[in-house]
Amino acid sequence: MGEVISRSVGVSYPAINASELVRLKIPLPPLPEQRAIAEFLDRETGKIDALVEEQRRLIALLKEKRQGVICHAVTKGLDPDVSTKDSGVEWLGLVPDHWQVSSIKWLSPVLRGASPRPIQDPKYFDDDGEYAWVRIADVSASNGFLAETPQRLSELGSSLSVKLEPGALFVSIAGSVGKPCITSIRACIHDGFVYFPRLQIPEMWLFRVFEAGICYGGLGKFGTQLNLNTETIGAIKVGMPPSNELREILDFLETALLSVDALISEAEKAIALLQERRSALISAAVTGKIDVRGEVPETTEAAYL
């Protein structure tokens, strides 16, 4: 694998051409030993793959639980005995009697980002620029809180975009459609995002509503791809508890989600270690660093002879 990488060309997508590939030299043990190695690797990698799949199922269940905790908190609150009323909104269902229900557009204007054109022009970028340039990929790779980006805009570039200050909420309407993000840095967003100037409620409440995802019900295009814009997002109705209760719910979610996120992180680390172990096992077996002949039942070896 190391030799393949060393002979590859390209930066973003390194690749090796066929003429270089056929020149590579590989260790070639006797045929019975090749078969023994293949049998050993099939068995051992199968065990590892099964463990990886278990961890992936665990992550899926934890994410489902996470979403359920958020959904319940932002639609029902924390008091199981509170009296409720019909919100008149399908995704909200019954909400506590004392909660208000409002469209997002009445809580803040919903506006779209902007981009300097053509965006490839280097005059719009400056490594020492005051504002970071946010791409869809930056939001997709984030955990919902933007701390850095690989590019910064020049003064000219930022003047032609939409500037956000730390603490501002924005939502992607392209790529990772519907993903919310709160910036912790000065940043500029393009027209693949919408933002909420003059928001009358804490940004984190709306962030949790978007994070839960169920508020997007019925906004899909042909039942699949979300079709979001300033109007569709502005028309979404959300439940709003009194400010003191809202803060209690947000505090509860921060604590509850912290433990779930920790379990998800542990499972992801376990997958990474298992995959690393898988690669190392294959490498050791096919390069002769471990002798697997004694690891394969004699009946199996005999069947290949």
# chains A, B, ... in the order shown; residues from 1 in each chain; ligands from 1
$ select_by_dssp --residues "region 64-123 of chain A" --states "helix (DSSP H, G or I)" --output "PyMOL selection string"
chain A and resi 64-76+104-106+122-123
$ write_last_selection --atoms "N, CA and C atoms" --output "PDB file, in the first residue's frame"
ATOM      1  N   GLU A  64     -30.810   7.957  16.817  1.00  0.00           N
ATOM      2  CA  GLU A  64     -32.274   7.940  16.866  1.00  0.00           C
ATOM      3  C   GLU A  64     -32.766   8.401  18.240  1.00  0.00           C
ATOM      4  N   LYS A  65     -32.097   7.915  19.282  1.00  0.00           N
ATOM      5  CA  LYS A  65     -32.448   8.337  20.642  1.00  0.00           C
ATOM      6  C   LYS A  65     -32.198   9.829  20.815  1.00  0.00           C
ATOM      7  N   ARG A  66     -31.077  10.308  20.290  1.00  0.00           N
ATOM      8  CA  ARG A  66     -30.722  11.719  20.392  1.00  0.00           C
ATOM      9  C   ARG A  66     -31.806  12.590  19.764  1.00  0.00           C
ATOM     10  N   GLN A  67     -32.218  12.196  18.567  1.00  0.00           N
ATOM     11  CA  GLN A  67     -33.247  12.963  17.872  1.00  0.00           C
ATOM     12  C   GLN A  67     -34.554  12.935  18.648  1.00  0.00           C
ATOM     13  N   GLY A  68     -34.869  11.772  19.222  1.00  0.00           N
ATOM     14  CA  GLY A  68     -36.101  11.654  19.997  1.00  0.00           C
ATOM     15  C   GLY A  68     -36.109  12.551  21.222  1.00  0.00           C
ATOM     16  N   VAL A  69     -34.957  12.647  21.903  1.00  0.00           N
ATOM     17  CA  VAL A  69     -34.853  13.514  23.080  1.00  0.00           C
ATOM     18  C   VAL A  69     -35.089  14.971  22.687  1.00  0.00           C
ATOM     19  N   ILE A  70     -34.468  15.398  21.576  1.00  0.00           N
ATOM     20  CA  ILE A  70     -34.631  16.779  21.123  1.00  0.00           C
ATOM     21  C   ILE A  70     -36.081  17.044  20.715  1.00  0.00           C
ATOM     22  N   CYS A  71     -36.639  16.138  19.926  1.00  0.00           N
ATOM     23  CA  CYS A  71     -38.014  16.312  19.435  1.00  0.00           C
ATOM     24  C   CYS A  71     -39.003  16.479  20.592  1.00  0.00           C
ATOM     25  N   HIS A  72     -38.881  15.614  21.587  1.00  0.00           N
ATOM     26  CA  HIS A  72     -39.808  15.674  22.715  1.00  0.00           C
ATOM     27  C   HIS A  72     -39.629  16.980  23.487  1.00  0.00           C
ATOM     28  N   ALA A  73     -38.382  17.385  23.689  1.00  0.00           N
ATOM     29  CA  ALA A  73     -38.126  18.587  24.487  1.00  0.00           C
ATOM     30  C   ALA A  73     -38.658  19.849  23.816  1.00  0.00           C
ATOM     31  N   VAL A  74     -38.497  19.954  22.473  1.00  0.00           N
ATOM     32  CA  VAL A  74     -38.900  21.196  21.793  1.00  0.00           C
ATOM     33  C   VAL A  74     -40.374  21.201  21.392  1.00  0.00           C
ATOM     34  N   THR A  75     -41.059  20.087  21.622  1.00  0.00           N
ATOM     35  CA  THR A  75     -42.495  20.065  21.305  1.00  0.00           C
ATOM     36  C   THR A  75     -43.370  19.856  22.542  1.00  0.00           C
ATOM     37  N   LYS A  76     -42.820  19.195  23.564  1.00  0.00           N
ATOM     38  CA  LYS A  76     -43.627  18.867  24.748  1.00  0.00           C
ATOM     39  C   LYS A  76     -43.087  19.469  26.045  1.00  0.00           C
ATOM     40  N   ILE A 104     -41.676  31.128  11.900  1.00  0.00           N
ATOM     41  CA  ILE A 104     -40.335  31.682  12.058  1.00  0.00           C
ATOM     42  C   ILE A 104     -40.241  33.089  11.470  1.00  0.00           C
ATOM     43  N   LYS A 105     -40.973  33.334  10.391  1.00  0.00           N
ATOM     44  CA  LYS A 105     -40.870  34.651   9.745  1.00  0.00           C
ATOM     45  C   LYS A 105     -41.369  35.782  10.646  1.00  0.00           C
ATOM     46  N   TRP A 106     -42.169  35.458  11.670  1.00  0.00           N
ATOM     47  CA  TRP A 106     -42.614  36.482  12.612  1.00  0.00           C
ATOM     48  C   TRP A 106     -41.618  36.661  13.751  1.00  0.00           C
ATOM     49  N   PRO A 122      -9.201  35.107  -7.385  1.00  0.00           N
ATOM     50  CA  PRO A 122      -8.353  35.220  -6.178  1.00  0.00           C
ATOM     51  C   PRO A 122      -8.435  36.578  -5.482  1.00  0.00           C
ATOM     52  N   LYS A 123      -8.925  37.611  -6.178  1.00  0.00           N
ATOM     53  CA  LYS A 123      -8.998  38.929  -5.536  1.00  0.00           C
ATOM     54  C   LYS A 123     -10.003  38.957  -4.390  1.00  0.00           C
TER      55      LYS A 123
END
$ closest_atom_pairs --of "region 63-121 of chain A" --to "region 179-201 of chain A" --cutoff "9 Å" --atoms "only C-alpha atoms" --output "JSON lines"
{"residue": "A:Ile104", "atom": "CA", "partner": "A:Leu199", "partner_atom": "CA", "distance": 8.9}
{"residue": "A:Lys105", "atom": "CA", "partner": "A:Phe196", "partner_atom": "CA", "distance": 9.0}
{"residue": "A:Trp106", "atom": "CA", "partner": "A:Gln200", "partner_atom": "CA", "distance": 8.9}
{"residue": "A:Leu107", "atom": "CA", "partner": "A:Gln200", "partner_atom": "CA", "distance": 5.3}
{"residue": "A:Ser108", "atom": "CA", "partner": "A:Leu199", "partner_atom": "CA", "distance": 4.6}
{"residue": "A:Pro109", "atom": "CA", "partner": "A:Phe196", "partner_atom": "CA", "distance": 5.9}
{"residue": "A:Val110", "atom": "CA", "partner": "A:Phe196", "partner_atom": "CA", "distance": 5.2}
{"residue": "A:Leu111", "atom": "CA", "partner": "A:Val194", "partner_atom": "CA", "distance": 5.4}
{"residue": "A:Arg112", "atom": "CA", "partner": "A:Val194", "partner_atom": "CA", "distance": 4.3}
{"residue": "A:Gly113", "atom": "CA", "partner": "A:Asp191", "partner_atom": "CA", "distance": 4.1}
{"residue": "A:Ala114", "atom": "CA", "partner": "A:His190", "partner_atom": "CA", "distance": 4.2}
{"residue": "A:Ser115", "atom": "CA", "partner": "A:His190", "partner_atom": "CA", "distance": 4.7}
{"residue": "A:Pro116", "atom": "CA", "partner": "A:His190", "partner_atom": "CA", "distance": 8.4}
$ write_last_selection --atoms "all heavy atoms" --output "mmCIF file, in the first residue's frame"
data_model
loop_
_atom_site.group_PDB
_atom_site.id
_atom_site.type_symbol
_atom_site.label_atom_id
_atom_site.label_comp_id
_atom_site.auth_asym_id
_atom_site.auth_seq_id
_atom_site.Cartn_x
_atom_site.Cartn_y
_atom_site.Cartn_z
ATOM 1 N N ILE A 104 -41.676 31.128 11.900
ATOM 2 C CA ILE A 104 -40.335 31.682 12.058
ATOM 3 C C ILE A 104 -40.241 33.089 11.470
ATOM 4 O O ILE A 104 -39.549 33.952 12.018
ATOM 5 C CB ILE A 104 -39.293 30.744 11.412
ATOM 6 C CG1 ILE A 104 -39.183 29.438 12.220
ATOM 7 C CG2 ILE A 104 -37.923 31.411 11.308
ATOM 8 C CD1 ILE A 104 -38.286 28.384 11.607
ATOM 9 N N LYS A 105 -40.973 33.334 10.391
ATOM 10 C CA LYS A 105 -40.870 34.651 9.745
ATOM 11 C C LYS A 105 -41.369 35.782 10.646
ATOM 12 O O LYS A 105 -41.032 36.951 10.414
ATOM 13 C CB LYS A 105 -41.644 34.656 8.431
ATOM 14 C CG LYS A 105 -43.140 34.429 8.578
ATOM 15 C CD LYS A 105 -43.798 34.337 7.211
ATOM 16 C CE LYS A 105 -45.279 33.993 7.322
ATOM 17 N NZ LYS A 105 -45.900 33.824 5.977
ATOM 18 N N TRP A 106 -42.169 35.458 11.670
ATOM 19 C CA TRP A 106 -42.614 36.482 12.612
ATOM 20 C C TRP A 106 -41.618 36.661 13.751
ATOM 21 O O TRP A 106 -41.732 37.599 14.542
ATOM 22 C CB TRP A 106 -43.992 36.135 13.170
ATOM 23 C CG TRP A 106 -45.045 36.028 12.110
ATOM 24 C CD1 TRP A 106 -45.808 34.942 11.827
ATOM 25 C CD2 TRP A 106 -45.436 37.040 11.179
ATOM 26 N NE1 TRP A 106 -46.647 35.186 10.781
ATOM 27 C CE2 TRP A 106 -46.447 36.485 10.356
ATOM 28 C CE3 TRP A 106 -45.028 38.357 10.932
ATOM 29 C CZ2 TRP A 106 -47.055 37.207 9.329
ATOM 30 C CZ3 TRP A 106 -45.635 39.069 9.906
ATOM 31 C CH2 TRP A 106 -46.627 38.500 9.122
ATOM 32 N N LEU A 107 -40.654 35.763 13.827
ATOM 33 C CA LEU A 107 -39.610 35.874 14.856
ATOM 34 C C LEU A 107 -38.366 36.571 14.325
ATOM 35 O O LEU A 107 -37.567 37.109 15.088
ATOM 36 C CB LEU A 107 -39.231 34.478 15.367
ATOM 37 C CG LEU A 107 -40.374 33.643 15.945
ATOM 38 C CD1 LEU A 107 -39.888 32.235 16.259
ATOM 39 C CD2 LEU A 107 -40.953 34.311 17.179
ATOM 40 N N SER A 108 -38.205 36.520 13.013
ATOM 41 C CA SER A 108 -37.069 37.179 12.367
ATOM 42 C C SER A 108 -37.267 37.146 10.861
ATOM 43 O O SER A 108 -37.868 36.196 10.333
ATOM 44 C CB SER A 108 -35.759 36.462 12.697
ATOM 45 O OG SER A 108 -34.702 36.935 11.883
ATOM 46 N N PRO A 109 -36.763 38.138 10.150
ATOM 47 C CA PRO A 109 -36.684 37.983 8.699
ATOM 48 C C PRO A 109 -35.809 36.764 8.380
ATOM 49 O O PRO A 109 -34.882 36.447 9.136
ATOM 50 C CB PRO A 109 -36.003 39.280 8.239
ATOM 51 C CG PRO A 109 -36.204 40.243 9.354
ATOM 52 C CD PRO A 109 -36.225 39.433 10.617
ATOM 53 N N VAL A 110 -36.121 36.079 7.307
ATOM 54 C CA VAL A 110 -35.301 34.959 6.850
ATOM 55 C C VAL A 110 -34.668 35.384 5.530
ATOM 56 O O VAL A 110 -35.369 35.573 4.531
ATOM 57 C CB VAL A 110 -36.145 33.679 6.659
ATOM 58 C CG1 VAL A 110 -35.240 32.517 6.227
ATOM 59 C CG2 VAL A 110 -36.893 33.326 7.941
ATOM 60 N N LEU A 111 -33.363 35.573 5.537
ATOM 61 C CA LEU A 111 -32.671 36.112 4.371
ATOM 62 C C LEU A 111 -31.624 35.129 3.852
ATOM 63 O O LEU A 111 -31.166 34.240 4.573
ATOM 64 C CB LEU A 111 -31.992 37.434 4.728
ATOM 65 C CG LEU A 111 -32.906 38.536 5.297
ATOM 66 C CD1 LEU A 111 -32.095 39.779 5.619
ATOM 67 C CD2 LEU A 111 -34.041 38.853 4.329
ATOM 68 N N ARG A 112 -31.266 35.326 2.602
ATOM 69 C CA ARG A 112 -30.322 34.428 1.950
ATOM 70 C C ARG A 112 -28.927 35.042 1.928
ATOM 71 O O ARG A 112 -28.766 36.258 1.860
ATOM 72 C CB ARG A 112 -30.792 34.160 0.520
ATOM 73 C CG ARG A 112 -30.227 32.898 -0.104
ATOM 74 C CD ARG A 112 -31.043 32.518 -1.320
ATOM 75 N NE ARG A 112 -30.582 31.252 -1.888
ATOM 76 C CZ ARG A 112 -31.237 30.576 -2.810
ATOM 77 N NH1 ARG A 112 -32.399 31.057 -3.270
ATOM 78 N NH2 ARG A 112 -30.768 29.446 -3.284
ATOM 79 N N GLY A 113 -27.911 34.192 1.977
ATOM 80 C CA GLY A 113 -26.543 34.661 1.883
ATOM 81 C C GLY A 113 -26.233 35.171 0.483
ATOM 82 O O GLY A 113 -27.095 35.162 -0.410
ATOM 83 N N ALA A 114 -25.007 35.600 0.257
ATOM 84 C CA ALA A 114 -24.601 36.126 -1.046
ATOM 85 C C ALA A 114 -23.136 35.791 -1.291
ATOM 86 O O ALA A 114 -22.372 35.566 -0.348
ATOM 87 C CB ALA A 114 -24.823 37.632 -1.109
ATOM 88 N N SER A 115 -22.761 35.768 -2.566
ATOM 89 C CA SER A 115 -21.407 35.376 -2.924
ATOM 90 C C SER A 115 -20.820 36.333 -3.946
ATOM 91 O O SER A 115 -21.507 36.751 -4.873
ATOM 92 C CB SER A 115 -21.425 33.954 -3.501
ATOM 93 O OG SER A 115 -20.150 33.592 -3.984
ATOM 94 N N PRO A 116 -19.539 36.674 -3.793
ATOM 95 C CA PRO A 116 -18.875 37.431 -4.858
ATOM 96 C C PRO A 116 -18.747 36.558 -6.095
ATOM 97 O O PRO A 116 -18.578 35.345 -5.988
ATOM 98 C CB PRO A 116 -17.501 37.754 -4.253
ATOM 99 C CG PRO A 116 -17.285 36.747 -3.182
ATOM 100 C CD PRO A 116 -18.645 36.391 -2.656
#
$ atom_distance --atom1 "CA of Gly144 (chain A)" --atom2 "CA of Ile249 (chain A)"
18.6 Å
$ atom_distance --atom1 "CA of Ala174 (chain A)" --atom2 "CA of Asp127 (chain A)"
25.7 Å
$ residues_around --residues "Val292 (chain A)" --least-positions-apart "5" --cutoff "9 Å" --atoms "only C-alpha atoms" --output "PyMOL selection string"
chain A and resi 33+36-37+40+285
$ write_last_selection --atoms "C-alpha atoms" --output "tab-separated table (two decimals), in the first residue's frame"
chain	number	residue	atom	x	y	z
A	33	GLU	CA	-0.01	-20.89	1.43
A	36	ALA	CA	-4.33	-20.56	3.61
A	37	ILE	CA	-3.83	-16.80	3.85
A	40	PHE	CA	-7.46	-16.94	7.36
A	285	ALA	CA	-0.71	-11.72	6.38
$ closest_residue --among "A:Ile119, A:Val139, A:Leu226, A:Ala280" --to "Gly157 (chain A)" --atoms "only C-alpha atoms"
A:Ile119
$ residues_around --residues "Gly239 (chain A)" --least-positions-apart "3" --cutoff "10 Å" --atoms "only C-alpha atoms" --output "compact mmCIF listing (two decimals) with C-alpha atoms, in the first residue's frame"
# COMPACT_ATOMS: atom_id res chain seq x y z
CA VAL A 74 -38.90 21.20 21.79
CA THR A 75 -42.50 20.06 21.30
CA LYS A 76 -43.63 18.87 24.75
CA GLY A 77 -41.23 20.44 27.26
CA SER A 87 -51.03 23.30 18.01
CA VAL A 89 -49.31 21.99 13.22
CA LEU A 92 -45.76 19.83 16.61
CA GLY A 93 -48.94 17.98 17.55
CA LEU A 94 -50.05 18.68 21.12
CA VAL A 95 -48.08 21.39 22.91
CA PRO A 96 -48.32 22.71 26.48
CA TRP A 99 -46.81 27.76 24.91
CA GLN A 100 -47.18 30.08 21.96
CA VAL A 101 -46.95 28.86 18.36
CA SER A 102 -45.45 31.17 15.75
CA SER A 103 -44.06 31.06 12.22
CA TRP A 205 -33.81 27.11 20.45
CA LEU A 206 -34.21 27.38 16.71
CA VAL A 209 -35.72 22.67 16.28
